[in-house]
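Q: Structure: data-v4.cif, mmCIF, C-alpha atoms and all ligand atoms.
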data_work
#
loop_
_atom_site.label_atom_id
_atom_site.label_comp_id
_atom_site.auth_asym_id
_atom_site.auth_seq_id
_atom_site.Cartn_x
_atom_site.Cartn_y
_atom_site.Cartn_z
CA MET A 1 -20.10 27.32 -14.13
CA HIS A 2 -17.87 26.93 -17.19
CA GLU A 3 -18.46 29.56 -19.92
CA ASN A 4 -19.47 28.03 -23.25
CA PRO A 5 -16.24 26.87 -24.92
CA LYS A 6 -15.66 28.43 -28.30
CA ARG A 7 -15.58 26.12 -31.31
CA ILE A 8 -12.04 26.17 -32.75
CA ASN A 9 -10.82 25.04 -36.14
CA ILE A 10 -8.27 22.35 -35.27
CA MET A 11 -6.18 23.52 -38.23
CA GLU A 12 -5.49 26.85 -36.42
CA ALA A 13 -4.47 25.26 -33.15
CA ASN A 14 -1.80 22.77 -34.20
CA THR A 15 -1.47 21.53 -30.63
CA ILE A 16 -1.58 17.94 -29.41
CA TYR A 17 -3.95 17.38 -26.46
CA LYS A 18 -2.74 13.93 -25.32
CA GLY A 19 -5.65 11.95 -23.95
CA LEU A 20 -7.86 14.89 -25.04
CA GLU A 21 -6.99 16.43 -21.65
CA GLY A 22 -9.02 19.62 -21.23
CA VAL A 23 -10.68 19.27 -24.65
CA THR A 24 -14.47 19.68 -24.85
CA VAL A 25 -15.81 17.34 -27.55
CA SER A 26 -19.57 17.72 -27.17
CA GLU A 27 -22.39 19.57 -25.43
CA THR A 28 -24.67 17.67 -23.07
CA LYS A 29 -27.61 18.10 -20.72
CA VAL A 30 -27.24 14.69 -19.08
CA GLY A 31 -24.79 15.39 -16.30
CA PHE A 32 -22.21 17.84 -15.01
CA VAL A 33 -19.00 17.33 -13.02
CA ASP A 34 -17.61 20.42 -11.29
CA GLY A 35 -13.99 19.41 -10.58
CA GLU A 36 -13.15 22.49 -8.53
CA ALA A 37 -16.27 22.53 -6.36
CA GLY A 38 -16.45 18.72 -6.09
CA ARG A 39 -20.03 18.71 -7.36
CA LEU A 40 -21.84 16.01 -9.40
CA VAL A 41 -25.15 16.85 -11.06
CA TYR A 42 -27.55 14.59 -13.02
CA ARG A 43 -29.95 16.68 -15.17
CA GLY A 44 -29.72 19.53 -12.64
CA TYR A 45 -30.13 17.44 -9.47
CA ASN A 46 -27.27 17.21 -6.96
CA ILE A 47 -26.11 13.64 -6.47
CA GLU A 48 -26.54 14.05 -2.69
CA ASP A 49 -30.25 14.82 -3.10
CA LEU A 50 -30.80 11.93 -5.49
CA THR A 51 -29.04 9.35 -3.27
CA GLU A 52 -30.99 10.70 -0.28
CA HIS A 53 -34.47 10.66 -1.86
CA SER A 54 -34.48 8.75 -5.16
CA SER A 55 -33.77 5.23 -6.48
CA TYR A 56 -31.60 3.79 -9.23
CA GLU A 57 -34.68 3.15 -11.38
CA GLU A 58 -35.71 6.82 -11.12
CA VAL A 59 -32.15 8.01 -11.78
CA ALA A 60 -31.78 5.80 -14.87
CA TYR A 61 -35.07 7.18 -16.21
CA LEU A 62 -33.95 10.75 -15.41
CA LEU A 63 -30.64 10.36 -17.24
CA ILE A 64 -32.23 8.83 -20.34
CA ASN A 65 -35.39 10.96 -20.54
CA GLY A 66 -34.32 14.27 -18.96
CA HIS A 67 -36.92 14.41 -16.15
CA LEU A 68 -37.90 12.37 -13.10
CA PRO A 69 -40.73 9.97 -14.03
CA ASN A 70 -44.34 10.43 -12.95
CA ALA A 71 -46.13 7.36 -11.58
CA LYS A 72 -47.22 6.04 -15.02
CA GLU A 73 -43.81 6.62 -16.60
CA TYR A 74 -42.15 4.95 -13.61
CA GLN A 75 -44.44 1.94 -13.85
CA ASP A 76 -43.88 1.50 -17.60
CA PHE A 77 -40.11 1.92 -17.27
CA THR A 78 -39.69 -0.49 -14.38
CA GLN A 79 -41.80 -3.02 -16.27
CA VAL A 80 -39.30 -2.89 -19.17
CA LEU A 81 -36.38 -3.21 -16.73
CA ARG A 82 -37.96 -6.11 -14.88
CA LYS A 83 -38.86 -7.99 -18.07
CA SER A 84 -35.32 -7.46 -19.40
CA SER A 85 -33.73 -8.75 -16.22
CA GLU A 86 -35.03 -12.27 -16.95
CA LEU A 87 -32.11 -13.70 -18.95
CA SER A 88 -32.51 -15.99 -21.97
CA LYS A 89 -31.30 -19.59 -21.80
CA GLU A 90 -28.54 -18.74 -24.31
CA VAL A 91 -27.12 -15.97 -22.10
CA VAL A 92 -27.43 -18.14 -18.98
CA ASP A 93 -25.61 -20.97 -20.78
CA LEU A 94 -22.86 -18.56 -21.93
CA ILE A 95 -22.34 -17.39 -18.34
CA TRP A 96 -22.33 -20.85 -16.79
CA THR A 97 -20.04 -22.36 -19.43
CA HIS A 98 -17.56 -19.47 -19.15
CA SER A 99 -17.68 -18.85 -15.40
CA GLU A 100 -13.87 -19.02 -15.28
CA SER A 101 -13.57 -15.87 -17.42
CA HIS A 102 -12.91 -12.47 -15.85
CA PRO A 103 -16.36 -11.07 -14.97
CA THR A 104 -15.90 -7.85 -16.98
CA SER A 105 -14.78 -9.79 -20.07
CA LEU A 106 -17.72 -12.17 -19.67
CA LEU A 107 -20.12 -9.25 -19.29
CA ARG A 108 -18.70 -7.65 -22.45
CA THR A 109 -19.17 -10.96 -24.31
CA ALA A 110 -22.73 -11.40 -23.07
CA VAL A 111 -23.70 -7.90 -24.28
CA SER A 112 -22.04 -8.63 -27.60
CA LEU A 113 -23.99 -11.92 -27.92
CA LEU A 114 -27.26 -10.08 -27.18
CA GLY A 115 -26.44 -7.67 -29.99
CA ALA A 116 -25.62 -10.49 -32.39
CA ASN A 117 -29.04 -12.04 -31.67
CA ASP A 118 -31.10 -8.86 -31.92
CA ARG A 119 -32.14 -8.24 -35.52
CA ARG A 120 -33.11 -4.67 -34.60
CA ALA A 121 -29.37 -4.01 -34.12
CA ASP A 122 -28.56 -4.81 -37.76
CA HIS A 123 -29.95 -1.47 -38.99
CA ALA A 124 -30.63 0.40 -35.77
CA LEU A 125 -33.32 3.06 -36.12
CA ASP A 126 -33.65 5.77 -33.46
CA LYS A 127 -36.66 4.21 -31.71
CA ASP A 128 -34.99 0.80 -31.71
CA GLN A 129 -31.82 2.26 -30.22
CA LYS A 130 -33.75 3.63 -27.25
CA ASP A 131 -35.76 0.41 -26.76
CA MET A 132 -32.62 -1.73 -26.95
CA GLY A 133 -30.79 0.69 -24.65
CA MET A 134 -33.48 0.53 -21.96
CA GLU A 135 -33.54 -3.25 -22.18
CA LEU A 136 -29.76 -3.29 -21.64
CA VAL A 137 -30.15 -1.08 -18.55
CA GLY A 138 -32.35 -3.85 -17.15
CA LYS A 139 -30.30 -6.76 -18.47
CA ILE A 140 -26.77 -5.80 -17.51
CA PRO A 141 -27.28 -5.87 -13.70
CA ALA A 142 -28.89 -9.31 -14.05
CA ILE A 143 -25.96 -10.54 -16.14
CA VAL A 144 -23.50 -9.25 -13.53
CA SER A 145 -25.39 -10.94 -10.69
CA SER A 146 -25.62 -14.17 -12.63
CA ILE A 147 -21.88 -14.10 -13.31
CA ARG A 148 -21.26 -13.88 -9.59
CA ARG A 149 -23.81 -16.64 -8.95
CA ALA A 150 -22.10 -18.90 -11.53
CA LYS A 151 -18.67 -18.23 -10.01
CA ASP A 152 -20.04 -19.17 -6.58
CA GLY A 153 -21.26 -22.48 -8.05
CA GLY A 154 -24.96 -21.66 -7.73
CA LYS A 155 -27.77 -22.12 -10.25
CA TYR A 156 -29.39 -19.26 -12.22
CA VAL A 157 -31.88 -17.24 -10.15
CA SER A 158 -34.78 -15.44 -11.86
CA PRO A 159 -35.49 -11.88 -10.67
CA SER A 160 -38.09 -11.48 -7.95
CA PRO A 161 -41.05 -9.22 -8.94
CA GLU A 162 -41.24 -7.65 -5.49
CA LEU A 163 -37.60 -6.52 -5.39
CA SER A 164 -35.99 -3.35 -6.77
CA MET A 165 -33.12 -3.55 -9.26
CA ALA A 166 -30.69 -3.18 -6.37
CA GLY A 167 -32.51 -5.86 -4.42
CA ASN A 168 -32.49 -8.19 -7.39
CA MET A 169 -28.77 -7.62 -7.96
CA LEU A 170 -28.22 -9.07 -4.50
CA TYR A 171 -30.95 -11.70 -4.80
CA GLN A 172 -29.85 -12.97 -8.23
CA SER A 173 -26.26 -13.11 -6.94
CA THR A 174 -26.95 -15.21 -3.86
CA GLY A 175 -30.43 -16.73 -4.15
CA LYS A 176 -31.24 -15.06 -0.80
CA LYS A 177 -33.55 -12.05 -0.41
CA PRO A 178 -31.40 -9.14 0.88
CA ASP A 179 -32.05 -7.23 4.13
CA LYS A 180 -33.31 -3.66 3.73
CA THR A 181 -29.98 -2.06 4.69
CA SER A 182 -28.00 -4.01 2.07
CA GLU A 183 -30.63 -3.24 -0.58
CA ARG A 184 -30.44 0.48 0.29
CA ILE A 185 -26.63 0.52 0.15
CA MET A 186 -26.68 -1.28 -3.22
CA ASP A 187 -29.25 1.18 -4.55
CA VAL A 188 -27.10 4.17 -3.55
CA CYS A 189 -24.02 2.57 -5.14
CA LEU A 190 -25.95 2.14 -8.39
CA MET A 191 -27.06 5.80 -8.30
CA LEU A 192 -23.54 7.04 -7.56
CA HIS A 193 -21.97 5.22 -10.50
CA ALA A 194 -24.63 5.95 -13.12
CA ASP A 195 -23.09 8.87 -14.98
CA HIS A 196 -19.94 10.95 -14.87
CA GLY A 197 -19.29 13.33 -17.72
CA SER A 198 -17.13 12.38 -20.66
CA ASN A 199 -15.18 9.65 -18.87
CA ALA A 200 -13.20 7.17 -20.97
CA SER A 201 -15.89 4.47 -21.22
CA THR A 202 -18.66 6.96 -21.97
CA PHE A 203 -16.44 8.62 -24.57
CA SER A 204 -15.81 5.25 -26.23
CA SER A 205 -19.56 4.63 -26.42
CA LEU A 206 -19.97 8.03 -28.10
CA VAL A 207 -17.24 7.27 -30.64
CA THR A 208 -18.98 4.00 -31.51
CA ILE A 209 -22.52 5.42 -31.77
CA SER A 210 -21.22 8.39 -33.80
CA THR A 211 -20.62 5.98 -36.71
CA LEU A 212 -24.39 5.18 -36.49
CA SER A 213 -23.54 1.74 -35.14
CA ASP A 214 -25.97 0.08 -32.69
CA ILE A 215 -26.28 0.57 -28.94
CA TYR A 216 -25.08 -2.98 -28.19
CA SER A 217 -21.81 -2.17 -29.98
CA ALA A 218 -21.56 1.14 -28.12
CA LEU A 219 -21.95 -0.57 -24.74
CA THR A 220 -19.59 -3.39 -25.72
CA SER A 221 -16.95 -0.72 -26.45
CA ALA A 222 -17.74 0.99 -23.15
CA ILE A 223 -17.45 -2.18 -21.07
CA GLY A 224 -14.11 -3.03 -22.65
CA THR A 225 -12.90 0.50 -21.86
CA LEU A 226 -14.17 0.49 -18.27
CA LYS A 227 -12.18 -2.71 -17.59
CA GLY A 228 -8.85 -0.87 -17.46
CA PRO A 229 -7.23 -0.25 -14.03
CA LEU A 230 -6.93 3.48 -14.73
CA HIS A 231 -10.72 3.64 -15.03
CA GLY A 232 -13.30 1.19 -13.68
CA GLY A 233 -10.74 -1.43 -12.73
CA ALA A 234 -9.35 0.74 -9.90
CA ASN A 235 -11.97 -0.29 -7.32
CA GLU A 236 -10.81 -3.92 -7.33
CA MET A 237 -7.16 -2.90 -7.06
CA ALA A 238 -7.77 -0.28 -4.36
CA LEU A 239 -9.35 -2.83 -2.01
CA LYS A 240 -6.61 -5.37 -2.72
CA LEU A 241 -4.00 -2.73 -1.83
CA ILE A 242 -5.73 -1.86 1.47
CA MET A 243 -5.98 -5.57 2.32
CA LYS A 244 -2.31 -6.10 1.41
CA ILE A 245 -1.21 -3.20 3.64
CA GLY A 246 -3.19 -4.86 6.43
CA LYS A 247 -2.94 -2.29 9.23
CA PRO A 248 -2.44 1.47 9.70
CA GLU A 249 1.14 1.11 10.97
CA ASN A 250 2.21 -0.29 7.57
CA VAL A 251 0.72 2.53 5.49
CA GLU A 252 3.51 5.11 5.56
CA LYS A 253 6.15 2.65 4.36
CA VAL A 254 4.07 0.91 1.67
CA ILE A 255 2.64 4.12 0.21
CA GLY A 256 5.99 5.89 0.50
CA ASP A 257 7.76 3.08 -1.40
CA MET A 258 5.08 3.00 -4.12
CA LEU A 259 5.22 6.76 -4.65
CA GLN A 260 9.00 6.61 -4.69
CA LYS A 261 8.70 4.15 -7.58
CA LYS A 262 6.19 6.51 -9.27
CA GLU A 263 3.47 3.87 -8.90
CA LYS A 264 -0.16 5.09 -8.97
CA ILE A 265 -2.19 4.49 -5.82
CA MET A 266 -5.51 3.09 -7.03
CA GLY A 267 -8.59 5.00 -5.94
CA PHE A 268 -6.83 8.38 -5.88
CA GLY A 269 -6.60 11.22 -8.34
CA HIS A 270 -8.95 12.22 -11.12
CA ARG A 271 -8.75 13.95 -14.47
CA VAL A 272 -11.54 16.36 -13.46
CA TYR A 273 -11.86 16.39 -9.64
CA LYS A 274 -9.00 18.26 -8.01
CA VAL A 275 -10.83 18.00 -4.69
CA TYR A 276 -12.48 15.13 -2.79
CA ASP A 277 -14.80 13.17 -5.14
CA PRO A 278 -18.34 13.76 -3.77
CA ARG A 279 -19.17 10.10 -4.46
CA ALA A 280 -16.23 8.99 -2.33
CA LYS A 281 -17.62 11.00 0.60
CA ILE A 282 -20.92 9.09 0.48
CA LEU A 283 -19.23 5.73 -0.05
CA LYS A 284 -16.82 6.41 2.82
CA GLY A 285 -19.79 6.81 5.17
CA PHE A 286 -21.14 3.41 4.11
CA ALA A 287 -17.66 1.86 4.33
CA ARG A 288 -17.31 3.05 7.93
CA GLU A 289 -20.79 1.72 8.79
CA VAL A 290 -20.48 -1.71 7.16
CA THR A 291 -16.93 -2.44 8.38
CA GLN A 292 -18.04 -1.66 11.94
CA LYS A 293 -21.08 -3.89 11.51
CA ASN A 294 -19.09 -6.86 10.20
CA GLY A 295 -16.09 -6.48 12.49
CA LYS A 296 -13.69 -5.23 9.82
CA GLU A 297 -12.80 -1.93 11.57
CA LEU A 298 -9.08 -2.53 10.89
CA LEU A 299 -9.75 -2.46 7.14
CA PHE A 300 -11.44 0.93 7.42
CA GLN A 301 -8.77 2.32 9.76
CA THR A 302 -6.08 1.25 7.28
CA ALA A 303 -7.99 2.92 4.44
CA GLN A 304 -8.36 6.09 6.50
CA LYS A 305 -4.61 6.13 7.11
CA VAL A 306 -3.96 5.67 3.36
CA GLU A 307 -6.28 8.60 2.69
CA ASP A 308 -4.58 10.81 5.30
CA THR A 309 -1.13 9.91 3.99
CA MET A 310 -2.05 10.51 0.33
CA ILE A 311 -3.72 13.84 1.06
CA MET A 312 -0.74 14.95 3.14
CA LYS A 313 1.69 14.03 0.34
CA LEU A 314 -0.33 14.84 -2.82
CA GLY A 315 -3.33 16.88 -1.73
CA SER A 316 -1.53 20.03 -2.83
CA LYS A 317 -1.41 18.54 -6.34
CA GLY A 318 -5.18 18.01 -6.29
CA ILE A 319 -4.97 14.29 -5.61
CA PHE A 320 -7.78 13.05 -3.35
CA PRO A 321 -9.84 9.85 -3.01
CA ASN A 322 -12.06 9.13 -6.02
CA VAL A 323 -15.16 6.98 -6.35
CA ASP A 324 -13.07 3.80 -6.48
CA PHE A 325 -11.27 4.10 -3.16
CA TYR A 326 -14.11 3.14 -0.80
CA SER A 327 -16.53 1.42 -3.20
CA GLY A 328 -14.63 -1.87 -3.03
CA MET A 329 -14.97 -2.01 0.77
CA VAL A 330 -18.72 -1.51 0.43
CA TYR A 331 -19.10 -4.20 -2.25
CA ASP A 332 -16.93 -6.56 -0.18
CA SER A 333 -19.33 -6.06 2.74
CA LEU A 334 -22.22 -6.98 0.43
CA GLY A 335 -20.46 -10.27 -0.25
CA PHE A 336 -19.09 -9.50 -3.73
CA HIS A 337 -15.65 -10.81 -4.68
CA PRO A 338 -13.18 -8.08 -5.82
CA ASP A 339 -12.97 -9.39 -9.39
CA ILE A 340 -16.62 -8.46 -9.98
CA PHE A 341 -16.42 -4.86 -8.70
CA THR A 342 -15.84 -3.38 -12.16
CA ALA A 343 -18.75 -5.32 -13.60
CA ILE A 344 -20.95 -3.83 -10.85
CA PHE A 345 -19.70 -0.41 -11.92
CA ALA A 346 -20.80 -1.27 -15.49
CA ALA A 347 -24.22 -2.45 -14.23
CA SER A 348 -24.87 1.10 -13.08
CA ARG A 349 -23.00 3.06 -15.76
CA ALA A 350 -25.10 1.33 -18.45
CA SER A 351 -27.74 4.03 -17.86
CA GLY A 352 -25.24 6.85 -18.36
CA TRP A 353 -23.79 5.21 -21.45
CA VAL A 354 -27.26 4.76 -22.96
CA ALA A 355 -28.36 8.30 -22.04
CA ARG A 356 -25.31 9.95 -23.52
CA SER A 357 -25.20 7.74 -26.64
CA LEU A 358 -28.83 8.54 -27.46
CA GLU A 359 -28.25 12.25 -26.77
CA TYR A 360 -25.10 12.41 -28.90
CA VAL A 361 -26.49 10.56 -31.91
CA SER A 362 -29.58 12.81 -31.91
CA ASP A 363 -27.28 15.66 -33.01
CA ASN A 364 -24.55 13.51 -34.46
CA LYS A 365 -21.06 14.30 -35.70
CA LEU A 366 -18.68 11.45 -36.51
CA PHE A 367 -15.66 11.43 -34.15
CA ARG A 368 -12.53 11.53 -36.27
CA PRO A 369 -9.62 13.36 -34.57
CA ARG A 370 -6.20 13.68 -36.13
CA SER A 371 -2.75 12.50 -35.05
CA SER A 372 0.52 14.26 -35.78
CA TYR A 373 2.78 12.09 -37.94
CA ILE A 374 6.33 12.08 -36.58
CA GLY A 375 7.59 9.16 -38.69
CA GLU A 376 9.93 9.31 -41.70
CA ARG A 377 8.49 11.48 -44.45
CA GLY A 378 10.06 9.43 -47.29
CA PRO A 379 9.25 8.49 -49.98
CA LYS A 380 11.52 5.51 -49.29
CA GLU A 381 12.53 3.13 -52.08
CA TYR A 382 10.84 -0.30 -51.98
CA ILE A 383 13.41 -3.14 -51.68
CA PRO A 384 12.11 -6.63 -52.58
CA ILE A 385 12.42 -9.15 -49.72
CA GLY A 386 15.13 -11.11 -51.51
CA LYS A 387 17.38 -8.07 -51.47
CA ARG A 388 16.79 -7.03 -47.87
CA ASN A 389 19.49 -7.91 -45.36
C1 LIG B 1 -12.69 6.59 -12.61
O1 LIG B 1 -13.18 10.25 -15.85
C2 LIG B 1 -14.05 9.84 -14.94
O2 LIG B 1 -14.98 10.52 -14.62
C3 LIG B 1 -13.77 8.44 -14.38
C4 LIG B 1 -14.64 8.01 -13.23
C5 LIG B 1 -16.06 7.78 -13.69
O3 LIG B 1 -16.96 7.88 -12.86
O4 LIG B 1 -16.24 7.41 -14.87
O5 LIG B 1 -14.62 8.98 -12.21
C6 LIG B 1 -14.17 6.69 -12.67
O6 LIG B 1 -12.09 6.13 -13.54
C7 LIG B 1 -11.99 7.15 -11.40
C8 LIG B 1 -10.43 7.05 -11.52
C9 LIG B 1 -10.04 5.61 -11.16
N1 LIG B 1 -8.61 5.39 -11.42
C10 LIG B 1 -7.71 5.34 -10.42
O7 LIG B 1 -7.98 5.49 -9.24
C11 LIG B 1 -6.31 5.01 -10.90
C12 LIG B 1 -5.29 5.88 -10.17
N2 LIG B 1 -5.48 7.27 -10.64
C13 LIG B 1 -4.53 7.76 -11.63
O8 LIG B 1 -4.15 6.80 -12.58
C14 LIG B 1 -4.93 9.12 -12.18
O9 LIG B 1 -5.25 9.91 -11.13
C15 LIG B 1 -6.03 9.20 -13.22
C16 LIG B 1 -5.81 8.27 -14.37
C17 LIG B 1 -7.34 8.90 -12.60
C18 LIG B 1 -6.05 10.64 -13.74
O10 LIG B 1 -4.84 10.81 -14.31
P1 LIG B 1 -4.45 12.10 -15.17
O11 LIG B 1 -5.48 13.17 -15.07
O12 LIG B 1 -4.05 11.64 -16.54
O13 LIG B 1 -3.22 12.65 -14.35
P2 LIG B 1 -1.76 12.07 -14.48
O14 LIG B 1 -1.75 10.56 -14.52
O15 LIG B 1 -1.09 12.81 -15.60
O16 LIG B 1 -1.15 12.50 -13.06
C19 LIG B 1 -0.76 13.86 -12.80
C20 LIG B 1 0.26 13.75 -11.68
C21 LIG B 1 1.40 12.77 -12.02
O17 LIG B 1 2.54 13.16 -11.28
P3 LIG B 1 3.71 13.99 -12.08
O18 LIG B 1 4.14 13.12 -13.25
O19 LIG B 1 3.06 15.31 -12.52
O20 LIG B 1 4.79 14.18 -11.03
O21 LIG B 1 -0.35 13.23 -10.50
C22 LIG B 1 0.23 11.97 -10.17
C23 LIG B 1 0.92 11.48 -11.42
O22 LIG B 1 1.97 10.60 -11.08
N3 LIG B 1 -0.86 11.07 -9.82
C24 LIG B 1 -0.76 10.09 -8.92
C25 LIG B 1 -2.02 9.48 -8.90
N4 LIG B 1 -2.84 10.10 -9.77
C26 LIG B 1 -2.11 11.09 -10.33
N5 LIG B 1 0.27 9.65 -8.18
C27 LIG B 1 0.03 8.59 -7.37
N6 LIG B 1 -1.15 7.96 -7.29
C28 LIG B 1 -2.20 8.38 -8.04
N7 LIG B 1 -3.37 7.75 -7.95
#
Could I get this structure in the form of structure tokens?
A:
Amino acid sequence: MHENPKRINIMEANTIYKGLEGVTVSETKVGFVDGEAGRLVYRGYNIEDLTEHSSYEEVAYLLINGHLPNAKEYQDFTQVLRKSSELSKEVVDLIWTHSESHPTSLLRTAVSLLGANDRRADHALDKDQKDMGMELVGKIPAIVSSIRRAKDGGKYVSPSPELSMAGNMLYQSTGKKPDKTSERIMDVCLMLHADHGSNASTFSSLVTISTLSDIYSALTSAIGTLKGPLHGGANEMALKLIMKIGKPENVEKVIGDMLQKKEKIMGFGHRVYKVYDPRAKILKGFAREVTQKNGKELLFQTAQKVEDTMIMKLGSKGIFPNVDFYSGMVYDSLGFHPDIFTAIFAASRASGWVARSLEYVSDNKLFRPRSSYIGERGPKEYIPIGKRN
């Protein structure tokens, strides 16, 4: 376990930590990532135990409230989630009139619109922040599913009261009730992506909430941050790379050429994990199962070969598969198009963003780092435009 980092006065240590690499910016009880041991913990529970025994609804409650819910708490919480997952006509219209937009951009816009329409967000009080945050945890998966539905040319589907959040993500995407196996796989994917330390999108939500802005703004910042290919956008690109390589025999050459050109192989490497990402292990098991079931063994064999090649070449530098390498294959098997994979990531991470934003602002300190000025010191003389060459 890491010893408690000492608080330093930045004025003493005049060092630049680019990308805040290795810098601890807050204390948290929400979740813990052990990069050396390859361990992920939510409020003290190992991710393996949660994905084995729990559900996304329970995990979202755990992250936000700090304990697993009892029956009454679970009932009240899932009622809020279910009610929130019925989208307003305005949000439905936004999605259907902008179905050409990139799903993550459209999701970001929908969350922003919700915030613009919620008067509680104008002067967000603590209780309102939590209420709005829980509603977003219920709403965002429904928005993501509806975006996929709109892109497939279907009509809006209301959530079914007898389905879980995972089940409704599939149902509201396709209009068809999912089989139990698909619902289970979706539920585990949602649990696996819910929280992950001070990752870039979570950090951006903390920066936003630290100004005492509202939770809609914090999650809008987070979604925009997650969109980048170095973060949540990697799952879409990882699957596209595996599909482009096509078969195991092509792997050595394609990966070798890319590394030669210093290109990053999507789905590998991590700022914290220097061993195999524990989430990737679980997702790899599903990827193997679903590709066998739907006759796409070649896709999995190609991915396996990419993994073997990357570990052989870069494993000594601590570069292993991360959560994004196999997740795309699993979502593809559930019928999702690659361009919506990041939005699915956001559907789950909404609970981690809300949990950490509420935790941070309860013992708030405005984020305001410094930058080292390396420009001309001046003062330079002002020359009017007429005299400039
Ligand atoms: C997520 O932070 C989180 O927790 C994020 C996340 C979450 O749940 O929120 O886990 C989700 O974002 C997972 C990461 C998804 N992104 C990718 O898969 C994109 C590919 N990965 C790389 O871009 C990279 O590994 C990062 C961005 C993830 C981490 O980069 P770092 O810590 O800034 O390390 P770096 O880019 O400085 O790389 C160090 C070395 C470099 O080589 P040298 O210059 O020292 O010779 O490792 C090499 C890099 O070139 N390297 C890779 C590589 N990742 C690192 N080389 C090839 N392919 C890669 N994927």
Q: Would you list the residues that come within 9 Å of ligand LIG 1 (chain B)? Count all atoms listed in the file and give the answer as a PyMOL selection string.
A: chain A and resi 19+21+33+192-202+226+228-235+237-238+258-259+262-273+277+279+310+314+317-325+345+349
Q: Set the distance at 12 Å and use all atoms listed in the file: which residues neighbour range 99-108 of chain A once local chain neighbours fewer than 4 positions away are removed? I'd like the list as number ranges by chain.
A: A: 91-95, 112-115, 136, 139-155, 216-229, 232-233, 236, 336-347, 350
Q: What is the distance between CA of Arg377 in chain A and CA of Leu20 in chain A, in Å to one decimal?
A: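 CA of Leu20 in chain A lies at a distance of 25.6 Å from CA of Arg377 in chain A.
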Q: Hey, can you check how far CA of Asp76 in chain A sits from CA of Ala166 in chain A?
A: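 Spanning CA of Asp76 in chain A to CA of Ala166 in chain A is a straight-line distance of 17.9 Å.
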Q: From the list A:Tyr382, A:Tyr45, A:Phe300, A:Trp353, which residue is nearest Ser333 in chain A when using all atoms listed in the file?
A: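 Counting all atoms listed in the file, the residue closest to Ser333 in chain A is A:Phe300.
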Q: Report the distance between CA of Gly133 in chain A and CA of Val354 in chain A in Å, rounded to one decimal place.
A: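 Result for CA of Gly133 in chain A versus CA of Val354 in chain A: 5.6 Å, one decimal.
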Q: Using all atoms listed in the file, pick whichever of A:Asp187, A:Asp214, A:Glu58, A:Glu48 has the shortest atom-to-atom distance to Leu125 in chain A.
A: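 For Leu125 in chain A, the nearest of the given residues is A:Asp214.
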Q: With distances taken over all atoms listed in the file, which of A:Ile311, A:Pro178, A:Leu298, A:Phe203 is nearest to Val25 in chain A?
A: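 The closest residue to Val25 in chain A is A:Phe203.
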Q: With distances taken over all atoms listed in the file, which residue among A:Thr302, A:Gly44, A:Ile215, A:Leu62 lies nearest Leu241 in chain A?
A: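 Selected residue with least distance to Leu241 in chain A: A:Thr302.
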Q: Of the residues A:Arg356, A:Lys29, A:His98, A:Lys130, which is the one nearest to Ser204 in chain A, using all atoms listed in the file?
A: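 Among the listed residues, A:Arg356 lies closest to Ser204 in chain A.
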Q: Taking 2 positions as the minimum chain separation for residues in the same chain, which residues sit within 8 Å of Gly246 in chain A when counting all atoms listed in the file? Answer as a list of chain:residue names.
A: A:Ile242, A:Met243, A:Lys244, A:Pro248, A:Asn250, A:Leu298, A:Leu299, A:Thr302
Q: Edge lengths and centre in Å to one decimal, as lines of an AutoDock Vina configuration file, is what I'm after for the box along x, y and z that holds all listed atoms of range 41-46 of chain A once 4 Å is added on each side.
A:
center_x = -27.6
center_y = 17.1
center_z = -11.1
size_x = 13.0
size_y = 12.9
size_z = 16.2
Q: Which residues are near Gln75 in chain A? Cut-off 12 Å, all atoms listed in the file, ignore same chain within fewer than 6 positions. Put them as a PDB file with C-alpha atoms, in the coordinates of the input.
A:
ATOM      1  CA  GLU A  57     -34.680   3.150 -11.380  1.00  0.00           C
ATOM      2  CA  GLU A  58     -35.710   6.820 -11.120  1.00  0.00           C
ATOM      3  CA  TYR A  61     -35.070   7.180 -16.210  1.00  0.00           C
ATOM      4  CA  PRO A  69     -40.730   9.970 -14.030  1.00  0.00           C
ATOM      5  CA  LEU A  81     -36.380  -3.210 -16.730  1.00  0.00           C
ATOM      6  CA  ARG A  82     -37.960  -6.110 -14.880  1.00  0.00           C
TER       7      ARG A  82
END
Q: Find the residue from A:Ser26, A:Met169, A:Ile374, A:Ala121 that sits nearest to Leu190 in chain A; use all atoms listed in the file when measuring.
A: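 The shortest atom-to-atom distance to Leu190 in chain A comes from A:Met169.
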